[in-house]
Amino acid sequence: MERMNALLLIPLFIGLAVGMAVNYLADVLPDSRRFSHPTCSKCGTPYKLTDYLLLKACNHCGQRRSMRAWVVLILMAAVHIYVWLNPPSKLNYLIAIPLTGYLATVFVIDLEHRLILHPTSIFGAVLGLGVGWRNYGLGTTLLGGLGGFLIMLVFYLFGVLFSRVRARRLQKAGKPTDEEEALGAGDVILAAIIGLMLGWPLIWLGLLTGILLGGAISLLLLLWLLVTRRYKENALMVFVPYGPYFILSTFLILYMPDFMARLVPG
Ligand SMILES: [Zn+2]
């Protein structure tokens, strides 16, 4: 027992290291698009490396680090301890390290900036190809990627059509139009990447679970807006970022297959 507890320090430290990398990428990539030196979000002063890694406040203006930085560290440590104790049959722990990092980075950047960046997508595609190839063979993997891409492309084109019709109606009514798109082109690329990771036909389950999760959480949000009387006429048109939900469903399928099997009969 003692020995097992001591061994848990390994995933704890790996999880914290992955969390630091996720925070770093989410801090610098959306603005600089390269591996730049992290700076204070308020005054722009570069952080000292140790201050940055230890989540200290800016020593120039005192700006504290975001809540997200703490949440990511704690969650990544928890996820890695969980994966260490319950290794998924299809993923070994070495693949889990970059994979959790990729999924968390895309999740945070999409949530904070509504962006799915090309460098993370390229990394994800290479990783997805590796994960899929190892698990299901090359054919199933490529078919999964192509399937994810085409399924989401259809949704995307429907979304474009829908917003055109809506814009025309608003124009006729003399109301200002907006450029909100229900689904971004980045979601199509992300669907292709998780298609590689899940393979065919599991990608269907991944996308469906993501859309259902997105719908359920949007509904709860809408109810909350109604109950607190903050509902406005346009609340239904609030942009739903599907990326984070696809990430969540991919994580559930890859890392908690038993849990998913209980939810999905058959
Ligand atoms: Zn500062």
# chains A, B, ... in the order shown; residues from 1 in each chain; ligands from 1
>>> residues_near_ligand(ligand="ligand 1", cutoff="8 Å", atoms="only C-alpha atoms and all ligand atoms", output="count of residues only")
14
>>> residues_around(residues="His80 (chain A)", least_positions_apart="4", cutoff="7 Å", atoms="only C-alpha atoms", output="NGL selection string")
:A and (11-12 or 15 or 76 or 84)
>>> closest_residue(among="A:Ile217, A:Met67, A:Val72, A:Val131", to="Phe107 (chain A)", atoms="only C-alpha atoms")
A:Val72
>>> closest_atom_pairs(of="region 125-168 of chain A", to="region 85-93 of chain A", cutoff="12 Å", atoms="only C-alpha atoms", output="CSV")
residue,atom,partner,partner_atom,distance
A:Gly128,CA,A:Leu91,CA,12.0
A:Gly130,CA,A:Leu91,CA,11.0
A:Val131,CA,A:Leu91,CA,7.8
A:Gly132,CA,A:Lys90,CA,9.8
A:Trp133,CA,A:Lys90,CA,11.4
A:Arg134,CA,A:Lys90,CA,8.7
A:Asn135,CA,A:Lys90,CA,6.3
A:Tyr136,CA,A:Lys90,CA,9.4
>>> closest_atom_pairs(of="region 50-155 of chain A", to="region 197-209 of chain A", cutoff="8 Å", atoms="only C-alpha atoms", output="Markdown table")
| residue | atom | partner | partner_atom | distance |
| --- | --- | --- | --- | --- |
| A:Leu127 | CA | A:Met197 | CA | 7.9 |
| A:Gly128 | CA | A:Met197 | CA | 4.5 |
| A:Leu129 | CA | A:Met197 | CA | 6.7 |
| A:Val131 | CA | A:Met197 | CA | 5.8 |
| A:Gly132 | CA | A:Met197 | CA | 4.9 |
| A:Tyr136 | CA | A:Gly199 | CA | 6.9 |
| A:Thr140 | CA | A:Gly199 | CA | 5.3 |
| A:Thr141 | CA | A:Gly199 | CA | 4.4 |
| A:Leu142 | CA | A:Gly199 | CA | 7.2 |
| A:Leu143 | CA | A:Trp200 | CA | 5.8 |
| A:Gly144 | CA | A:Gly199 | CA | 4.0 |
| A:Gly145 | CA | A:Gly199 | CA | 6.9 |
| A:Gly147 | CA | A:Trp200 | CA | 7.3 |
| A:Gly148 | CA | A:Ile203 | CA | 6.2 |
>>> write_last_selection(atoms="C-alpha atoms", output="PDB file, in the first residue's frame")
ATOM      1  CA  LEU A 127      -1.157  12.204 -32.882  1.00  0.00           C
ATOM      2  CA  GLY A 128      -4.567  10.972 -34.040  1.00  0.00           C
ATOM      3  CA  LEU A 129      -2.990   9.020 -36.883  1.00  0.00           C
ATOM      4  CA  VAL A 131      -3.315   6.565 -31.835  1.00  0.00           C
ATOM      5  CA  GLY A 132      -5.727   5.237 -34.467  1.00  0.00           C
ATOM      6  CA  TYR A 136      -7.507  -0.084 -35.207  1.00  0.00           C
ATOM      7  CA  THR A 140     -10.226   2.190 -40.027  1.00  0.00           C
ATOM      8  CA  THR A 141      -8.269   5.211 -38.835  1.00  0.00           C
ATOM      9  CA  LEU A 142      -8.296   7.044 -42.179  1.00  0.00           C
ATOM     10  CA  LEU A 143     -11.956   6.151 -42.715  1.00  0.00           C
ATOM     11  CA  GLY A 144     -12.739   7.595 -39.280  1.00  0.00           C
ATOM     12  CA  GLY A 145     -10.936  10.829 -40.151  1.00  0.00           C
ATOM     13  CA  GLY A 147     -16.036  10.276 -41.907  1.00  0.00           C
ATOM     14  CA  GLY A 148     -15.625  12.913 -39.193  1.00  0.00           C
TER      15      GLY A 148
END
>>> atom_distance(atom1="CA of Leu16 (chain A)", atom2="CA of Gly195 (chain A)")
27.9 Å
>>> residues_around(residues="Leu252 (chain A)", least_positions_apart="3", cutoff="12 Å", atoms="only C-alpha atoms", output="number ranges by chain")
A: 79, 83, 88, 100, 103, 198, 205-207, 209-210, 213, 245-249, 255-263
>>> write_last_selection(atoms="C-alpha atoms", output="CSV table (one decimal), in the first residue's frame")
chain,number,residue,atom,x,y,z
A,79,VAL,CA,-6.8,13.0,-14.9
A,83,VAL,CA,-5.5,7.1,-16.0
A,88,PRO,CA,-7.7,2.2,-20.8
A,100,THR,CA,-4.4,14.6,-22.7
A,103,LEU,CA,-7.2,17.6,-25.9
A,198,LEU,CA,-11.7,7.1,-32.7
A,205,LEU,CA,-20.6,8.0,-31.3
A,206,GLY,CA,-18.1,10.7,-30.7
A,207,LEU,CA,-19.9,13.4,-32.7
A,209,THR,CA,-22.2,12.4,-27.8
A,210,GLY,CA,-20.6,15.8,-28.4
A,213,LEU,CA,-23.7,17.2,-24.5
A,245,TYR,CA,-18.0,19.1,-26.4
A,246,PHE,CA,-16.3,17.0,-29.1
A,247,ILE,CA,-13.1,17.0,-27.0
A,248,LEU,CA,-15.1,16.0,-23.9
A,249,SER,CA,-16.8,13.1,-25.8
A,255,TYR,CA,-10.5,7.0,-21.3
A,256,MET,CA,-13.8,5.9,-19.8
A,257,PRO,CA,-15.1,3.3,-22.2
A,258,ASP,CA,-16.9,1.4,-19.4
A,259,PHE,CA,-18.8,4.5,-18.4
A,260,MET,CA,-19.8,5.2,-22.0
A,261,ALA,CA,-20.8,1.6,-22.5
A,262,ARG,CA,-23.2,1.9,-19.6
A,263,LEU,CA,-24.7,5.1,-21.2
>>> closest_atom_pairs(of="region 37-155 of chain A", to="region 184-193 of chain A", cutoff="6 Å", atoms="only C-alpha atoms", output="tab-separated table")
residue	atom	partner	partner_atom	distance
A:Ile116	CA	A:Gly186	CA	5.3
A:Ala125	CA	A:Ile193	CA	5.3
A:Gly145	CA	A:Ala192	CA	4.4
A:Gly148	CA	A:Ala192	CA	4.6
A:Phe149	CA	A:Ala192	CA	4.4
A:Met152	CA	A:Val188	CA	5.2
A:Leu153	CA	A:Val188	CA	5.9
>>> write_last_selection(atoms="N, CA and C atoms", output="PDB file, in the first residue's frame")
ATOM      1  N   ILE A 116      -9.787  27.389 -33.216  1.00  0.00           N
ATOM      2  CA  ILE A 116      -9.078  26.107 -33.307  1.00  0.00           C
ATOM      3  C   ILE A 116      -7.883  26.384 -34.202  1.00  0.00           C
ATOM      4  N   ALA A 125      -3.500  15.941 -35.701  1.00  0.00           N
ATOM      5  CA  ALA A 125      -3.655  15.001 -36.811  1.00  0.00           C
ATOM      6  C   ALA A 125      -2.572  13.919 -36.757  1.00  0.00           C
ATOM      7  N   GLY A 145     -11.265   9.426 -39.910  1.00  0.00           N
ATOM      8  CA  GLY A 145     -10.936  10.829 -40.151  1.00  0.00           C
ATOM      9  C   GLY A 145     -11.779  11.415 -41.273  1.00  0.00           C
ATOM     10  N   GLY A 148     -15.443  11.746 -40.058  1.00  0.00           N
ATOM     11  CA  GLY A 148     -15.625  12.913 -39.193  1.00  0.00           C
ATOM     12  C   GLY A 148     -15.668  14.188 -40.003  1.00  0.00           C
ATOM     13  N   PHE A 149     -14.748  14.289 -40.961  1.00  0.00           N
ATOM     14  CA  PHE A 149     -14.666  15.484 -41.801  1.00  0.00           C
ATOM     15  C   PHE A 149     -15.954  15.685 -42.606  1.00  0.00           C
ATOM     16  N   MET A 152     -19.222  16.437 -40.451  1.00  0.00           N
ATOM     17  CA  MET A 152     -19.231  17.803 -39.928  1.00  0.00           C
ATOM     18  C   MET A 152     -19.345  18.822 -41.048  1.00  0.00           C
ATOM     19  N   LEU A 153     -18.803  18.486 -42.227  1.00  0.00           N
ATOM     20  CA  LEU A 153     -18.894  19.393 -43.374  1.00  0.00           C
ATOM     21  C   LEU A 153     -20.360  19.614 -43.752  1.00  0.00           C
TER      22      LEU A 153
END
>>> atom_distance(atom1="CA of Leu8 (chain A)", atom2="CA of Ile95 (chain A)")
18.1 Å
>>> atom_distance(atom1="CA of Ala77 (chain A)", atom2="CA of Ile10 (chain A)")
10.1 Å
>>> residues_around(residues="Leu29 (chain A)", least_positions_apart="2", cutoff="10 Å", atoms="only C-alpha atoms", output="number ranges by chain")
A: 24-27, 31-36, 38, 105, 109, 117, 119-120
>>> residues_around(residues="Pro176 (chain A)", least_positions_apart="6", cutoff="12 Å", atoms="only C-alpha atoms", output="PyMOL selection string")
chain A and resi 166-170
>>> select_by_dssp(residues="region 28-140 of chain A", states="alpha helix (DSSP H)", output="PyMOL selection string")
chain A and resi 28-32+49-53+67-85+93-113+118-136+138-140
>>> write_last_selection(atoms="C-alpha atoms", output="short mmCIF file (atom, residue, chain, number, x, y, z; two decimals), in the first residue's frame")
data_model
loop_
_atom_site.label_atom_id
_atom_site.label_comp_id
_atom_site.auth_asym_id
_atom_site.auth_seq_id
_atom_site.Cartn_x
_atom_site.Cartn_y
_atom_site.Cartn_z
CA VAL A 28 0.85 32.29 -25.88
CA LEU A 29 -0.50 30.53 -29.00
CA PRO A 30 -3.77 32.46 -29.56
CA ASP A 31 -1.95 35.84 -29.56
CA SER A 32 1.55 35.22 -30.90
CA LEU A 49 10.26 31.55 -15.81
CA THR A 50 9.99 30.34 -12.21
CA ASP A 51 7.28 32.91 -11.39
CA TYR A 52 5.36 31.81 -14.45
CA LEU A 53 5.55 28.10 -13.67
CA MET A 67 -8.52 30.88 -12.43
CA ARG A 68 -8.12 28.69 -15.52
CA ALA A 69 -4.39 28.19 -14.83
CA TRP A 70 -5.21 26.65 -11.43
CA VAL A 71 -8.14 24.61 -12.71
CA VAL A 72 -6.03 23.14 -15.55
CA LEU A 73 -3.23 22.10 -13.17
CA ILE A 74 -5.59 20.42 -10.71
CA LEU A 75 -7.65 18.73 -13.44
CA MET A 76 -4.61 17.43 -15.32
CA ALA A 77 -3.13 16.01 -12.11
CA ALA A 78 -6.47 14.32 -11.34
CA VAL A 79 -6.84 12.98 -14.90
CA HIS A 80 -3.33 11.50 -14.88
CA ILE A 81 -3.81 9.80 -11.53
CA TYR A 82 -7.12 8.41 -12.81
CA VAL A 83 -5.52 7.12 -16.04
CA TRP A 84 -2.61 5.63 -14.07
CA LEU A 85 -5.03 3.72 -11.82
CA TYR A 93 0.14 5.54 -20.57
CA LEU A 94 2.87 6.97 -22.82
CA ILE A 95 0.31 7.90 -25.48
CA ALA A 96 -2.01 9.28 -22.82
CA ILE A 97 0.54 11.98 -21.91
CA PRO A 98 0.58 13.95 -25.20
CA LEU A 99 -3.06 13.07 -25.90
CA THR A 100 -4.43 14.60 -22.68
CA GLY A 101 -2.21 17.62 -23.36
CA TYR A 102 -3.58 18.05 -26.87
CA LEU A 103 -7.23 17.59 -25.85
CA ALA A 104 -6.91 20.02 -22.93
CA THR A 105 -5.09 22.66 -25.02
CA VAL A 106 -7.73 22.64 -27.77
CA PHE A 107 -10.50 22.67 -25.12
CA VAL A 108 -9.13 25.73 -23.32
CA ILE A 109 -8.24 27.75 -26.45
CA ASP A 110 -11.60 27.05 -28.10
CA LEU A 111 -13.48 27.97 -24.92
CA GLU A 112 -11.52 31.19 -24.33
CA HIS A 113 -11.01 32.40 -27.91
CA HIS A 118 -3.69 25.27 -37.24
CA PRO A 119 -0.50 24.32 -35.33
CA THR A 120 -2.53 22.42 -32.70
CA SER A 121 -4.57 20.81 -35.50
CA ILE A 122 -1.43 19.57 -37.27
CA PHE A 123 -0.10 18.15 -33.99
CA GLY A 124 -3.52 16.58 -33.35
CA ALA A 125 -3.65 15.00 -36.81
CA VAL A 126 -0.22 13.37 -36.38
CA LEU A 127 -1.16 12.20 -32.88
CA GLY A 128 -4.57 10.97 -34.04
CA LEU A 129 -2.99 9.02 -36.88
CA GLY A 130 -0.61 7.37 -34.39
CA VAL A 131 -3.32 6.57 -31.83
CA GLY A 132 -5.73 5.24 -34.47
CA TRP A 133 -3.13 3.24 -36.42
CA ARG A 134 -1.96 1.50 -33.26
CA ASN A 135 -5.51 0.72 -32.10
CA TYR A 136 -7.51 -0.08 -35.21
CA LEU A 138 -4.58 2.33 -40.88
CA GLY A 139 -7.78 1.76 -42.91
CA THR A 140 -10.23 2.19 -40.03
#
>>> decode(residues="region 19-65 of chain A", atoms="N, CA and C atoms", output="mmCIF file, in the first residue's frame")
data_model
loop_
_atom_site.group_PDB
_atom_site.id
_atom_site.type_symbol
_atom_site.label_atom_id
_atom_site.label_comp_id
_atom_site.auth_asym_id
_atom_site.auth_seq_id
_atom_site.Cartn_x
_atom_site.Cartn_y
_atom_site.Cartn_z
ATOM 1 N N GLY A 19 -0.173 19.891 -17.361
ATOM 2 C CA GLY A 19 -0.999 21.064 -17.079
ATOM 3 C C GLY A 19 -0.244 22.360 -17.322
ATOM 4 N N MET A 20 1.030 22.413 -16.916
ATOM 5 C CA MET A 20 1.842 23.607 -17.160
ATOM 6 C C MET A 20 2.004 23.857 -18.652
ATOM 7 N N ALA A 21 2.241 22.775 -19.410
ATOM 8 C CA ALA A 21 2.394 22.922 -20.859
ATOM 9 C C ALA A 21 1.092 23.426 -21.485
ATOM 10 N N VAL A 22 -0.047 22.888 -21.012
ATOM 11 C CA VAL A 22 -1.345 23.321 -21.543
ATOM 12 C C VAL A 22 -1.555 24.808 -21.250
ATOM 13 N N ASN A 23 -1.273 25.236 -20.022
ATOM 14 C CA ASN A 23 -1.420 26.649 -19.660
ATOM 15 C C ASN A 23 -0.530 27.524 -20.532
ATOM 16 N N TYR A 24 0.714 27.082 -20.718
ATOM 17 C CA TYR A 24 1.645 27.860 -21.531
ATOM 18 C C TYR A 24 1.124 28.025 -22.957
ATOM 19 N N LEU A 25 0.727 26.894 -23.579
ATOM 20 C CA LEU A 25 0.251 26.949 -24.968
ATOM 21 C C LEU A 25 -1.005 27.810 -25.084
ATOM 22 N N ALA A 26 -1.919 27.656 -24.110
ATOM 23 C CA ALA A 26 -3.165 28.438 -24.155
ATOM 24 C C ALA A 26 -2.900 29.921 -23.883
ATOM 25 N N ASP A 27 -1.805 30.225 -23.182
ATOM 26 C CA ASP A 27 -1.463 31.628 -22.919
ATOM 27 C C ASP A 27 -0.839 32.298 -24.137
ATOM 28 N N VAL A 28 0.081 31.604 -24.822
ATOM 29 C CA VAL A 28 0.848 32.288 -25.876
ATOM 30 C C VAL A 28 0.321 32.056 -27.297
ATOM 31 N N LEU A 29 -0.165 30.841 -27.594
ATOM 32 C CA LEU A 29 -0.499 30.532 -29.001
ATOM 33 C C LEU A 29 -1.588 31.412 -29.621
ATOM 34 N N PRO A 30 -2.720 31.679 -28.905
ATOM 35 C CA PRO A 30 -3.767 32.460 -29.559
ATOM 36 C C PRO A 30 -3.300 33.857 -29.976
ATOM 37 N N ASP A 31 -2.391 34.479 -29.220
ATOM 38 C CA ASP A 31 -1.950 35.837 -29.558
ATOM 39 C C ASP A 31 -0.748 35.844 -30.493
ATOM 40 N N SER A 32 0.308 35.081 -30.132
ATOM 41 C CA SER A 32 1.547 35.216 -30.904
ATOM 42 C C SER A 32 1.677 34.162 -32.001
ATOM 43 N N ARG A 33 0.888 33.099 -31.914
ATOM 44 C CA ARG A 33 0.947 31.997 -32.888
ATOM 45 C C ARG A 33 2.317 31.332 -32.942
ATOM 46 N N ARG A 34 3.130 31.528 -31.912
ATOM 47 C CA ARG A 34 4.402 30.805 -31.872
ATOM 48 C C ARG A 34 4.765 30.588 -30.407
ATOM 49 N N PHE A 35 5.868 29.879 -30.162
ATOM 50 C CA PHE A 35 6.258 29.569 -28.779
ATOM 51 C C PHE A 35 6.975 30.769 -28.178
ATOM 52 N N SER A 36 6.223 31.821 -27.898
ATOM 53 C CA SER A 36 6.829 33.055 -27.415
ATOM 54 C C SER A 36 6.950 33.042 -25.893
ATOM 55 N N HIS A 37 7.667 34.049 -25.373
ATOM 56 C CA HIS A 37 7.828 34.158 -23.927
ATOM 57 C C HIS A 37 6.518 34.654 -23.322
ATOM 58 N N PRO A 38 6.016 33.997 -22.257
ATOM 59 C CA PRO A 38 4.741 34.430 -21.681
ATOM 60 C C PRO A 38 4.846 35.804 -21.012
ATOM 61 N N THR A 39 3.806 36.632 -21.214
ATOM 62 C CA THR A 39 3.787 37.962 -20.613
ATOM 63 C C THR A 39 2.499 38.155 -19.823
ATOM 64 N N CYS A 40 2.533 39.147 -18.923
ATOM 65 C CA CYS A 40 1.363 39.462 -18.101
ATOM 66 C C CYS A 40 0.195 39.868 -18.995
ATOM 67 N N SER A 41 -1.002 39.342 -18.702
ATOM 68 C CA SER A 41 -2.154 39.628 -19.561
ATOM 69 C C SER A 41 -2.614 41.074 -19.418
ATOM 70 N N LYS A 42 -2.198 41.745 -18.325
ATOM 71 C CA LYS A 42 -2.676 43.109 -18.096
ATOM 72 C C LYS A 42 -1.661 44.160 -18.584
ATOM 73 N N CYS A 43 -0.384 44.010 -18.135
ATOM 74 C CA CYS A 43 0.587 45.067 -18.459
ATOM 75 C C CYS A 43 1.618 44.628 -19.494
ATOM 76 N N GLY A 44 1.653 43.355 -19.837
ATOM 77 C CA GLY A 44 2.553 42.918 -20.892
ATOM 78 C C GLY A 44 3.989 42.661 -20.462
ATOM 79 N N THR A 45 4.281 42.804 -19.153
ATOM 80 C CA THR A 45 5.640 42.538 -18.686
ATOM 81 C C THR A 45 5.950 41.043 -18.779
ATOM 82 N N PRO A 46 7.117 40.690 -19.352
ATOM 83 C CA PRO A 46 7.458 39.258 -19.427
ATOM 84 C C PRO A 46 7.617 38.658 -18.022
ATOM 85 N N TYR A 47 7.139 37.427 -17.862
ATOM 86 C CA TYR A 47 7.285 36.732 -16.583
ATOM 87 C C TYR A 47 8.685 36.155 -16.453
ATOM 88 N N LYS A 48 9.181 36.091 -15.210
ATOM 89 C CA LYS A 48 10.343 35.251 -14.958
ATOM 90 C C LYS A 48 9.864 33.809 -15.030
ATOM 91 N N LEU A 49 10.702 32.928 -15.562
ATOM 92 C CA LEU A 49 10.259 31.552 -15.813
ATOM 93 C C LEU A 49 9.714 30.884 -14.552
ATOM 94 N N THR A 50 10.438 31.014 -13.435
ATOM 95 C CA THR A 50 9.993 30.337 -12.213
ATOM 96 C C THR A 50 8.677 30.935 -11.717
ATOM 97 N N ASP A 51 8.539 32.267 -11.796
ATOM 98 C CA ASP A 51 7.282 32.913 -11.386
ATOM 99 C C ASP A 51 6.129 32.399 -12.225
ATOM 100 N N TYR A 52 6.417 32.255 -13.536
ATOM 101 C CA TYR A 52 5.362 31.811 -14.451
ATOM 102 C C TYR A 52 4.914 30.395 -14.107
ATOM 103 N N LEU A 53 5.894 29.505 -13.917
ATOM 104 C CA LEU A 53 5.554 28.100 -13.669
ATOM 105 C C LEU A 53 4.881 27.920 -12.314
ATOM 106 N N LEU A 54 5.229 28.743 -11.339
ATOM 107 C CA LEU A 54 4.638 28.609 -10.005
ATOM 108 C C LEU A 54 3.337 29.409 -9.871
ATOM 109 N N LEU A 55 2.843 29.935 -11.004
ATOM 110 C CA LEU A 55 1.571 30.671 -11.043
ATOM 111 C C LEU A 55 1.568 31.878 -10.114
ATOM 112 N N LYS A 56 2.734 32.572 -10.041
ATOM 113 C CA LYS A 56 2.788 33.772 -9.202
ATOM 114 C C LYS A 56 2.156 34.957 -9.933
ATOM 115 N N ALA A 57 1.727 35.951 -9.156
ATOM 116 C CA ALA A 57 1.162 37.161 -9.754
ATOM 117 C C ALA A 57 2.272 37.926 -10.471
ATOM 118 N N CYS A 58 1.894 38.819 -11.382
ATOM 119 C CA CYS A 58 2.858 39.643 -12.103
ATOM 120 C C CYS A 58 3.617 40.512 -11.102
ATOM 121 N N ASN A 59 4.946 40.541 -11.187
ATOM 122 C CA ASN A 59 5.685 41.324 -10.187
ATOM 123 C C ASN A 59 5.784 42.803 -10.576
ATOM 124 N N HIS A 60 5.200 43.148 -11.718
ATOM 125 C CA HIS A 60 5.187 44.556 -12.124
ATOM 126 C C HIS A 60 3.876 45.236 -11.705
ATOM 127 N N CYS A 61 2.733 44.619 -12.058
ATOM 128 C CA CYS A 61 1.440 45.268 -11.766
ATOM 129 C C CYS A 61 0.599 44.489 -10.758
ATOM 130 N N GLY A 62 1.075 43.313 -10.354
ATOM 131 C CA GLY A 62 0.331 42.565 -9.332
ATOM 132 C C GLY A 62 -0.857 41.785 -9.859
ATOM 133 N N GLN A 63 -1.052 41.791 -11.188
ATOM 134 C CA GLN A 63 -2.167 41.041 -11.781
ATOM 135 C C GLN A 63 -2.041 39.554 -11.432
ATOM 136 N N ARG A 64 -3.132 38.997 -10.860
ATOM 137 C CA ARG A 64 -3.084 37.584 -10.503
ATOM 138 C C ARG A 64 -3.280 36.712 -11.727
ATOM 139 N N ARG A 65 -2.847 35.468 -11.597
ATOM 140 C CA ARG A 65 -3.022 34.530 -12.711
ATOM 141 C C ARG A 65 -4.468 34.085 -12.782
#
